[in-house]
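> Mind having a look at this structure? Questions to follow.
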Amino acid sequence: MLLIARFLVGVAQGCANGTFTNYVAEISTPRARNTLGSVIQFSTCIGTMMSQLLALGLTVPPLWRVLFAITGVISLIHMALLTMCVESPKWLVSKDRIDEARNALQRLRKSADCTEEFNTLVNTVRAEMGPNAYTATIYDVVRGKTPDNLRHQLLIAVLGMAFQQLSGISGVSFFSTKLFNSITNAPTHSTKPTLAQILTGMVSTIGTLAALFGIAMAGYFGRRTLLIFSHMAMAISSILISVGSVKGYNVLAIAMVFVFYCVYIVGAGSIPWVFPAEMTPIYAVSAISAVSGSIAYASVFAIGMAFAPLMDVLKGYTFLLFAATNLAASVLFFFLLPETKDKRVTEMIRIHSVGVHNVMKRKYRAELYSEKDKECM
């Protein structure tokens, strides 16, 4: 029963993650898109913090059943709240439900006059989808059978998700108690919360505060800057975790685990879910999100299966592997990931739908929104 339940939860999470991030990107104004993208990660941190804190007292038999039941109750509340959400105007336009799209956009923008925004939205969606309302399949995207050359968008979406997990965050999340036990030499089994379990709960709590910081930073720095910073900082943290573990500097190792988690939250935790929708035609967003999401969960599974054996074999040197992957991510994103903050989605699609390329070249730089563009934002 537990295996079946875990499978169903995994399917649901896989569907929800990509759908929700695309939904937020589609209903947001360009000015608010950066902040709202970070709010997704903040919400995830709150959920992680709550689960970790509840687990401190509910992991022993038979109370673990109560912990599972709480998940079901939260899901029911979520389903009830979803009935109040407005359908994506962009999706409605893609289905030629124009009047519904106009009403949905007006509900989202309240009393603002968004006639110009709506007309632009309709023209943009119709131009992207073509006269036959084409929708790309996963096969079309992978084989390059789309009207636009979307290989660059597919590559960075896949790399973003792969490096999100290869950064080592799954190891920290799934095996944080084991990791802290190895650092502090604490007992692995106890009827009361151990020091390692308490530290794990503290990581989640501080991560939530880091998510608030990330929301603030999203308004000042672009996605590209935050993602590269996040991976570089995780690389440095990983090296220091290894140094602290090997040399017996427990305080250093524990502190760097906290830093690692916080800098992940600021950039790599949320940005890979968001930027594909900001530079991909609407007809291919779902397909590319499906491919990148599958890569993300395959990477979660791989790291989840490999991390514990790696810890047993490499001991304190394990995080040197993650230092290397994070450094590689920083270099690749420097040359491949364009900045999407305050950029027109249509302009990003036009510039970057030319196959894999080096975005540092001047011809691949999109114009910022003008003041006129921002009147309805």
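Order determines the names: the first chain of the structure tokens is A, the second B, and so forth; residues in each chain are numbered 1 upward, and ligands are numbered 1 upward as they are shown.
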If we count only C-alpha atoms and set the cut-off at 6 Å, which residues sit around range 312-319 of chain A, ignoring sequence neighbours fewer than 2 positions away in its own chain? Please answer as a list of chain:residue names.
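Once the adjacent positions are removed, what remains is A:Ser238, A:Ser242, A:Ser245, A:Val246, A:Pro309, A:Leu310, A:Leu321, A:Phe322.
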> Hey, what's within 10 Å of range 224-226 of chain A if we count only C-alpha atoms and toss same-chain stuff fewer than 6 positions away? As a list in words, please?
Gly214, Met217, Ala218, Met232, Val263, Tyr264, Val266, Gly267, Ala268, Ile271, Phe275, Ser330, Phe333, Phe334, Leu336, Leu337, Pro338, Glu339, Thr340 and Lys341 of chain A
> For Thr135 in chain A, which residue out of A:Phe258, A:Trp64, A:Tyr283, A:Phe221 is the nearest one, using only C-alpha atoms?
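Ranked by minimum distance to Thr135 in chain A, first place goes to A:Tyr283.
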> For each of A:Val66, A:Ile4, A:Ile295, A:Leu240, take the minimum atom-to-atom distance to Ile254 in chain A, counting only C-alpha atoms, then give the residue where this is smallest.
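Distance minimum relative to Ile254 in chain A lands on A:Leu240.
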> Pull the helix (DSSP H, G or I) assignments for range 77-186 of chain A out of DSSP run on the backbone, and list those residues as an mmCIF file with N, CA, C and O atoms, in the first residue's frame.

```cif
data_model
loop_
_atom_site.group_PDB
_atom_site.id
_atom_site.type_symbol
_atom_site.label_atom_id
_atom_site.label_comp_id
_atom_site.auth_asym_id
_atom_site.auth_seq_id
_atom_site.Cartn_x
_atom_site.Cartn_y
_atom_site.Cartn_z
ATOM 1 N N ILE A 77 -7.903 20.433 1.260
ATOM 2 C CA ILE A 77 -8.025 21.888 1.381
ATOM 3 C C ILE A 77 -7.533 22.561 0.101
ATOM 4 O O ILE A 77 -8.144 23.514 -0.409
ATOM 5 N N HIS A 78 -6.445 22.040 -0.441
ATOM 6 C CA HIS A 78 -5.881 22.582 -1.683
ATOM 7 C C HIS A 78 -6.879 22.454 -2.824
ATOM 8 O O HIS A 78 -7.075 23.390 -3.618
ATOM 9 N N MET A 79 -7.527 21.313 -2.939
ATOM 10 C CA MET A 79 -8.517 21.107 -3.990
ATOM 11 C C MET A 79 -9.660 22.110 -3.877
ATOM 12 O O MET A 79 -10.147 22.643 -4.880
ATOM 13 N N ALA A 80 -10.092 22.380 -2.653
ATOM 14 C CA ALA A 80 -11.186 23.343 -2.449
ATOM 15 C C ALA A 80 -10.753 24.752 -2.848
ATOM 16 O O ALA A 80 -11.514 25.491 -3.486
ATOM 17 N N LEU A 81 -9.519 25.125 -2.522
ATOM 18 C CA LEU A 81 -9.027 26.460 -2.850
ATOM 19 C C LEU A 81 -8.822 26.647 -4.353
ATOM 20 O O LEU A 81 -8.961 27.763 -4.874
ATOM 21 N N LEU A 82 -8.492 25.556 -5.060
ATOM 22 C CA LEU A 82 -8.264 25.659 -6.502
ATOM 23 C C LEU A 82 -9.515 26.087 -7.261
ATOM 24 O O LEU A 82 -9.415 26.635 -8.366
ATOM 25 N N PRO A 89 -5.492 33.086 -18.877
ATOM 26 C CA PRO A 89 -5.980 33.745 -20.104
ATOM 27 C C PRO A 89 -5.224 33.279 -21.341
ATOM 28 O O PRO A 89 -5.822 33.123 -22.404
ATOM 29 N N LYS A 90 -3.944 33.034 -21.198
ATOM 30 C CA LYS A 90 -3.149 32.599 -22.345
ATOM 31 C C LYS A 90 -3.603 31.231 -22.832
ATOM 32 O O LYS A 90 -3.709 30.986 -24.039
ATOM 33 N N TRP A 91 -3.899 30.330 -21.912
ATOM 34 C CA TRP A 91 -4.383 29.008 -22.288
ATOM 35 C C TRP A 91 -5.756 29.108 -22.937
ATOM 36 O O TRP A 91 -6.035 28.420 -23.925
ATOM 37 N N LEU A 92 -6.614 29.961 -22.391
ATOM 38 C CA LEU A 92 -7.954 30.124 -22.960
ATOM 39 C C LEU A 92 -7.877 30.654 -24.391
ATOM 40 O O LEU A 92 -8.626 30.212 -25.268
ATOM 41 N N VAL A 93 -6.978 31.595 -24.628
ATOM 42 C CA VAL A 93 -6.808 32.120 -25.987
ATOM 43 C C VAL A 93 -6.324 31.017 -26.915
ATOM 44 O O VAL A 93 -6.769 30.904 -28.064
ATOM 45 N N SER A 94 -5.418 30.165 -26.421
ATOM 46 C CA SER A 94 -4.905 29.076 -27.259
ATOM 47 C C SER A 94 -6.005 28.094 -27.645
ATOM 48 O O SER A 94 -5.902 27.388 -28.656
ATOM 49 N N ILE A 98 -12.101 33.208 -26.458
ATOM 50 C CA ILE A 98 -11.661 34.600 -26.346
ATOM 51 C C ILE A 98 -12.398 35.354 -25.243
ATOM 52 O O ILE A 98 -11.779 36.075 -24.448
ATOM 53 N N ASP A 99 -13.723 35.235 -25.199
ATOM 54 C CA ASP A 99 -14.490 35.969 -24.189
ATOM 55 C C ASP A 99 -14.111 35.530 -22.779
ATOM 56 O O ASP A 99 -13.979 36.367 -21.863
ATOM 57 N N GLU A 100 -13.935 34.236 -22.593
ATOM 58 C CA GLU A 100 -13.531 33.737 -21.277
ATOM 59 C C GLU A 100 -12.139 34.252 -20.918
ATOM 60 O O GLU A 100 -11.870 34.581 -19.755
ATOM 61 N N ALA A 101 -11.258 34.315 -21.914
ATOM 62 C CA ALA A 101 -9.908 34.817 -21.664
ATOM 63 C C ALA A 101 -9.935 36.283 -21.243
ATOM 64 O O ALA A 101 -9.208 36.685 -20.329
ATOM 65 N N ARG A 102 -10.782 37.074 -21.916
ATOM 66 C CA ARG A 102 -10.891 38.500 -21.564
ATOM 67 C C ARG A 102 -11.385 38.660 -20.130
ATOM 68 O O ARG A 102 -10.859 39.470 -19.355
ATOM 69 N N ASN A 103 -12.400 37.903 -19.755
ATOM 70 C CA ASN A 103 -12.936 37.982 -18.394
ATOM 71 C C ASN A 103 -11.905 37.519 -17.360
ATOM 72 O O ASN A 103 -11.795 38.113 -16.284
ATOM 73 N N ALA A 104 -11.165 36.467 -17.697
ATOM 74 C CA ALA A 104 -10.156 35.962 -16.763
ATOM 75 C C ALA A 104 -9.056 36.992 -16.544
ATOM 76 O O ALA A 104 -8.618 37.228 -15.406
ATOM 77 N N LEU A 105 -8.602 37.633 -17.621
ATOM 78 C CA LEU A 105 -7.551 38.641 -17.501
ATOM 79 C C LEU A 105 -8.038 39.830 -16.687
ATOM 80 O O LEU A 105 -7.297 40.372 -15.851
ATOM 81 N N GLN A 106 -9.289 40.217 -16.883
ATOM 82 C CA GLN A 106 -9.830 41.348 -16.138
ATOM 83 C C GLN A 106 -9.923 41.035 -14.647
ATOM 84 O O GLN A 106 -9.672 41.892 -13.796
ATOM 85 N N ARG A 107 -10.284 39.794 -14.320
ATOM 86 C CA ARG A 107 -10.326 39.390 -12.908
ATOM 87 C C ARG A 107 -8.933 39.432 -12.287
ATOM 88 O O ARG A 107 -8.770 39.823 -11.130
ATOM 89 N N LEU A 108 -7.939 39.066 -13.061
ATOM 90 C CA LEU A 108 -6.571 39.074 -12.551
ATOM 91 C C LEU A 108 -6.035 40.487 -12.377
ATOM 92 O O LEU A 108 -5.259 40.756 -11.457
ATOM 93 N N ARG A 109 -6.439 41.395 -13.257
ATOM 94 C CA ARG A 109 -5.910 42.759 -13.225
ATOM 95 C C ARG A 109 -6.817 43.728 -12.473
ATOM 96 O O ARG A 109 -6.550 44.929 -12.424
ATOM 97 N N THR A 115 -7.039 46.452 -22.036
ATOM 98 C CA THR A 115 -7.455 46.174 -23.409
ATOM 99 C C THR A 115 -6.249 45.948 -24.308
ATOM 100 O O THR A 115 -6.201 44.992 -25.101
ATOM 101 N N GLU A 116 -5.247 46.807 -24.174
ATOM 102 C CA GLU A 116 -4.050 46.681 -25.000
ATOM 103 C C GLU A 116 -3.299 45.396 -24.681
ATOM 104 O O GLU A 116 -2.822 44.684 -25.581
ATOM 105 N N GLU A 117 -3.202 45.075 -23.385
ATOM 106 C CA GLU A 117 -2.529 43.839 -22.988
ATOM 107 C C GLU A 117 -3.255 42.628 -23.562
ATOM 108 O O GLU A 117 -2.621 41.683 -24.055
ATOM 109 N N PHE A 118 -4.588 42.656 -23.519
ATOM 110 C CA PHE A 118 -5.353 41.520 -24.025
ATOM 111 C C PHE A 118 -5.189 41.368 -25.539
ATOM 112 O O PHE A 118 -5.004 40.252 -26.039
ATOM 113 N N ASN A 119 -5.247 42.466 -26.249
ATOM 114 C CA ASN A 119 -5.081 42.398 -27.700
ATOM 115 C C ASN A 119 -3.691 41.859 -28.070
ATOM 116 O O ASN A 119 -3.546 41.061 -29.006
ATOM 117 N N THR A 120 -2.679 42.307 -27.321
ATOM 118 C CA THR A 120 -1.325 41.808 -27.553
ATOM 119 C C THR A 120 -1.240 40.319 -27.260
ATOM 120 O O THR A 120 -0.592 39.559 -27.997
ATOM 121 N N LEU A 121 -1.905 39.891 -26.180
ATOM 122 C CA LEU A 121 -1.914 38.477 -25.807
ATOM 123 C C LEU A 121 -2.531 37.621 -26.904
ATOM 124 O O LEU A 121 -1.971 36.584 -27.298
ATOM 125 N N VAL A 122 -3.680 38.057 -27.426
ATOM 126 C CA VAL A 122 -4.372 37.306 -28.475
ATOM 127 C C VAL A 122 -3.500 37.206 -29.724
ATOM 128 O O VAL A 122 -3.326 36.119 -30.304
ATOM 129 N N ASN A 123 -2.927 38.327 -30.130
ATOM 130 C CA ASN A 123 -2.089 38.333 -31.338
ATOM 131 C C ASN A 123 -0.851 37.464 -31.161
ATOM 132 O O ASN A 123 -0.436 36.752 -32.093
ATOM 133 N N THR A 124 -0.260 37.534 -29.970
ATOM 134 C CA THR A 124 0.951 36.754 -29.701
ATOM 135 C C THR A 124 0.678 35.257 -29.726
ATOM 136 O O THR A 124 1.417 34.485 -30.356
ATOM 137 N N VAL A 125 -0.386 34.840 -29.038
ATOM 138 C CA VAL A 125 -0.709 33.408 -28.973
ATOM 139 C C VAL A 125 -1.046 32.867 -30.352
ATOM 140 O O VAL A 125 -0.587 31.794 -30.750
ATOM 141 N N ARG A 126 -1.821 33.628 -31.109
ATOM 142 C CA ARG A 126 -2.191 33.164 -32.451
ATOM 143 C C ARG A 126 -0.978 33.100 -33.370
ATOM 144 O O ARG A 126 -0.873 32.196 -34.203
ATOM 145 N N ALA A 127 -0.073 34.051 -33.200
ATOM 146 C CA ALA A 127 1.143 34.026 -34.022
ATOM 147 C C ALA A 127 2.020 32.834 -33.661
ATOM 148 O O ALA A 127 2.617 32.188 -34.529
ATOM 149 N N GLU A 128 2.106 32.517 -32.360
ATOM 150 C CA GLU A 128 2.934 31.397 -31.913
ATOM 151 C C GLU A 128 2.365 30.055 -32.379
ATOM 152 O O GLU A 128 3.112 29.160 -32.780
ATOM 153 N N MET A 129 1.048 29.916 -32.318
ATOM 154 C CA MET A 129 0.432 28.626 -32.610
ATOM 155 C C MET A 129 0.147 28.418 -34.098
ATOM 156 O O MET A 129 -0.042 27.284 -34.540
ATOM 157 N N ILE A 138 5.779 15.640 -27.174
ATOM 158 C CA ILE A 138 7.132 15.382 -26.682
ATOM 159 C C ILE A 138 8.017 14.873 -27.819
ATOM 160 O O ILE A 138 9.186 15.267 -27.955
ATOM 161 N N TYR A 139 7.461 14.013 -28.665
ATOM 162 C CA TYR A 139 8.201 13.482 -29.806
ATOM 163 C C TYR A 139 8.645 14.613 -30.727
ATOM 164 O O TYR A 139 9.793 14.647 -31.197
ATOM 165 N N ASP A 140 7.737 15.564 -31.002
ATOM 166 C CA ASP A 140 8.073 16.691 -31.876
ATOM 167 C C ASP A 140 9.245 17.494 -31.319
ATOM 168 O O ASP A 140 10.166 17.880 -32.053
ATOM 169 N N VAL A 141 9.196 17.757 -30.016
ATOM 170 C CA VAL A 141 10.221 18.584 -29.381
ATOM 171 C C VAL A 141 11.571 17.871 -29.361
ATOM 172 O O VAL A 141 12.608 18.453 -29.701
ATOM 173 N N VAL A 142 11.568 16.609 -28.979
ATOM 174 C CA VAL A 142 12.820 15.856 -28.874
ATOM 175 C C VAL A 142 13.462 15.660 -30.240
ATOM 176 O O VAL A 142 14.688 15.761 -30.400
ATOM 177 N N ARG A 143 12.659 15.383 -31.272
ATOM 178 C CA ARG A 143 13.182 15.149 -32.610
ATOM 179 C C ARG A 143 13.373 16.431 -33.417
ATOM 180 O O ARG A 143 13.839 16.389 -34.554
ATOM 181 N N ARG A 151 15.786 23.708 -29.966
ATOM 182 C CA ARG A 151 16.798 22.869 -29.339
ATOM 183 C C ARG A 151 17.506 23.579 -28.187
ATOM 184 O O ARG A 151 17.876 22.952 -27.197
ATOM 185 N N HIS A 152 17.689 24.884 -28.316
ATOM 186 C CA HIS A 152 18.346 25.619 -27.229
ATOM 187 C C HIS A 152 17.447 25.645 -25.995
ATOM 188 O O HIS A 152 17.914 25.415 -24.871
ATOM 189 N N GLN A 153 16.164 25.940 -26.188
ATOM 190 C CA GLN A 153 15.227 25.956 -25.067
ATOM 191 C C GLN A 153 15.157 24.592 -24.392
ATOM 192 O O GLN A 153 15.144 24.496 -23.154
ATOM 193 N N LEU A 154 15.116 23.531 -25.206
ATOM 194 C CA LEU A 154 15.052 22.177 -24.638
ATOM 195 C C LEU A 154 16.331 21.855 -23.865
ATOM 196 O O LEU A 154 16.275 21.284 -22.765
ATOM 197 N N LEU A 155 17.476 22.237 -24.414
ATOM 198 C CA LEU A 155 18.751 21.933 -23.763
ATOM 199 C C LEU A 155 18.864 22.593 -22.398
ATOM 200 O O LEU A 155 19.206 21.931 -21.404
ATOM 201 N N ILE A 156 18.567 23.889 -22.324
ATOM 202 C CA ILE A 156 18.742 24.559 -21.028
ATOM 203 C C ILE A 156 17.664 24.133 -20.029
ATOM 204 O O ILE A 156 17.908 24.134 -18.814
ATOM 205 N N ALA A 157 16.475 23.765 -20.518
ATOM 206 C CA ALA A 157 15.448 23.256 -19.610
ATOM 207 C C ALA A 157 15.897 21.938 -18.995
ATOM 208 O O ALA A 157 15.759 21.709 -17.778
ATOM 209 N N VAL A 158 16.449 21.059 -19.811
ATOM 210 C CA VAL A 158 16.934 19.763 -19.326
ATOM 211 C C VAL A 158 18.146 19.945 -18.407
ATOM 212 O O VAL A 158 18.229 19.332 -17.336
ATOM 213 N N LEU A 159 19.090 20.800 -18.820
ATOM 214 C CA LEU A 159 20.264 21.045 -17.978
ATOM 215 C C LEU A 159 19.871 21.671 -16.646
ATOM 216 O O LEU A 159 20.438 21.319 -15.596
ATOM 217 N N GLY A 160 18.920 22.600 -16.683
ATOM 218 C CA GLY A 160 18.481 23.243 -15.448
ATOM 219 C C GLY A 160 17.944 22.244 -14.449
ATOM 220 O O GLY A 160 18.286 22.281 -13.251
ATOM 221 N N MET A 161 17.092 21.320 -14.920
ATOM 222 C CA MET A 161 16.519 20.314 -14.030
ATOM 223 C C MET A 161 17.551 19.282 -13.585
ATOM 224 O O MET A 161 17.558 18.852 -12.426
ATOM 225 N N ALA A 162 18.401 18.860 -14.517
ATOM 226 C CA ALA A 162 19.414 17.859 -14.168
ATOM 227 C C ALA A 162 20.377 18.395 -13.112
ATOM 228 O O ALA A 162 20.638 17.742 -12.091
ATOM 229 N N PHE A 163 20.892 19.606 -13.331
ATOM 230 C CA PHE A 163 21.849 20.177 -12.383
ATOM 231 C C PHE A 163 21.179 20.600 -11.081
ATOM 232 O O PHE A 163 21.853 20.687 -10.047
ATOM 233 N N GLN A 164 19.877 20.855 -11.119
ATOM 234 C CA GLN A 164 19.165 21.141 -9.870
ATOM 235 C C GLN A 164 19.340 19.986 -8.889
ATOM 236 O O GLN A 164 19.540 20.196 -7.686
ATOM 237 N N GLN A 165 19.258 18.755 -9.387
ATOM 238 C CA GLN A 165 19.395 17.592 -8.519
ATOM 239 C C GLN A 165 20.848 17.143 -8.371
ATOM 240 O O GLN A 165 21.264 16.696 -7.301
ATOM 241 N N LEU A 166 21.629 17.249 -9.458
ATOM 242 C CA LEU A 166 23.042 16.874 -9.381
ATOM 243 C C LEU A 166 23.840 17.828 -8.496
ATOM 244 O O LEU A 166 25.001 17.566 -8.183
ATOM 245 N N SER A 167 23.216 18.938 -8.105
ATOM 246 C CA SER A 167 23.871 19.860 -7.174
ATOM 247 C C SER A 167 24.119 19.207 -5.822
ATOM 248 O O SER A 167 24.992 19.636 -5.065
ATOM 249 N N GLY A 168 23.333 18.162 -5.509
ATOM 250 C CA GLY A 168 23.470 17.492 -4.218
ATOM 251 C C GLY A 168 22.336 17.777 -3.270
ATOM 252 O O GLY A 168 22.312 17.258 -2.147
ATOM 253 N N ILE A 169 21.350 18.554 -3.710
ATOM 254 C CA ILE A 169 20.273 18.947 -2.808
ATOM 255 C C ILE A 169 19.424 17.757 -2.395
ATOM 256 O O ILE A 169 18.904 17.711 -1.272
ATOM 257 N N SER A 170 19.245 16.777 -3.289
ATOM 258 C CA SER A 170 18.454 15.599 -2.925
ATOM 259 C C SER A 170 19.127 14.833 -1.802
ATOM 260 O O SER A 170 18.462 14.305 -0.903
ATOM 261 N N GLY A 171 20.450 14.777 -1.843
ATOM 262 C CA GLY A 171 21.173 14.128 -0.764
ATOM 263 C C GLY A 171 20.985 14.845 0.557
ATOM 264 O O GLY A 171 20.751 14.221 1.605
ATOM 265 N N VAL A 172 21.056 16.171 0.508
ATOM 266 C CA VAL A 172 20.869 16.962 1.723
ATOM 267 C C VAL A 172 19.444 16.817 2.244
ATOM 268 O O VAL A 172 19.212 16.681 3.445
ATOM 269 N N SER A 173 18.461 16.807 1.333
ATOM 270 C CA SER A 173 17.057 16.737 1.736
ATOM 271 C C SER A 173 16.682 15.356 2.259
ATOM 272 O O SER A 173 16.052 15.232 3.313
ATOM 273 N N PHE A 174 17.062 14.299 1.507
ATOM 274 C CA PHE A 174 16.641 12.950 1.872
ATOM 275 C C PHE A 174 17.463 12.362 3.011
ATOM 276 O O PHE A 174 16.955 11.585 3.809
ATOM 277 N N SER A 176 19.533 14.190 5.220
ATOM 278 C CA SER A 176 20.091 15.213 6.108
ATOM 279 C C SER A 176 20.348 14.651 7.503
ATOM 280 O O SER A 176 21.376 14.963 8.124
ATOM 281 N N THR A 177 19.431 13.817 7.999
ATOM 282 C CA THR A 177 19.637 13.226 9.321
ATOM 283 C C THR A 177 20.863 12.322 9.321
ATOM 284 O O THR A 177 21.691 12.367 10.240
ATOM 285 N N LYS A 178 21.005 11.494 8.267
ATOM 286 C CA LYS A 178 22.178 10.622 8.145
ATOM 287 C C LYS A 178 23.456 11.447 8.024
ATOM 288 O O LYS A 178 24.480 11.121 8.634
ATOM 289 N N LEU A 179 23.361 12.549 7.259
ATOM 290 C CA LEU A 179 24.521 13.408 7.068
ATOM 291 C C LEU A 179 24.945 14.036 8.389
ATOM 292 O O LEU A 179 26.132 14.027 8.749
ATOM 293 N N PHE A 180 23.979 14.570 9.150
ATOM 294 C CA PHE A 180 24.306 15.182 10.430
ATOM 295 C C PHE A 180 24.787 14.132 11.439
ATOM 296 O O PHE A 180 25.645 14.417 12.274
ATOM 297 N N ASN A 181 24.218 12.932 11.357
ATOM 298 C CA ASN A 181 24.697 11.859 12.247
ATOM 299 C C ASN A 181 26.165 11.540 11.980
ATOM 300 O O ASN A 181 26.943 11.308 12.906
ATOM 301 N N SER A 182 26.536 11.523 10.677
ATOM 302 C CA SER A 182 27.924 11.212 10.332
ATOM 303 C C SER A 182 28.870 12.315 10.797
ATOM 304 O O SER A 182 30.033 12.058 11.096
ATOM 305 N N ILE A 183 28.365 13.551 10.839
ATOM 306 C CA ILE A 183 29.213 14.673 11.267
ATOM 307 C C ILE A 183 29.336 14.729 12.786
ATOM 308 O O ILE A 183 30.420 14.945 13.341
ATOM 309 N N THR A 184 28.196 14.501 13.479
ATOM 310 C CA THR A 184 28.175 14.665 14.939
ATOM 311 C C THR A 184 28.391 13.360 15.700
ATOM 312 O O THR A 184 28.505 13.380 16.929
#
```
> Could you check how far CA of Ala235 in chain A sits from CA of Cys262 in chain A, in Å to one decimal?
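Distance between the two atoms: 12.9 Å.
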> Could you tell me which of A:Met279, A:Ile265, A:Val300, A:Val24 comes closest to Ile46 in chain A if we count only C-alpha atoms?
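The closest residue to Ile46 in chain A is A:Ile265.
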> Using only C-alpha atoms, which residue out of A:Tyr220, A:Trp273, A:Phe42, A:Phe68 lies closest to Gly207 in chain A?
A:Phe42
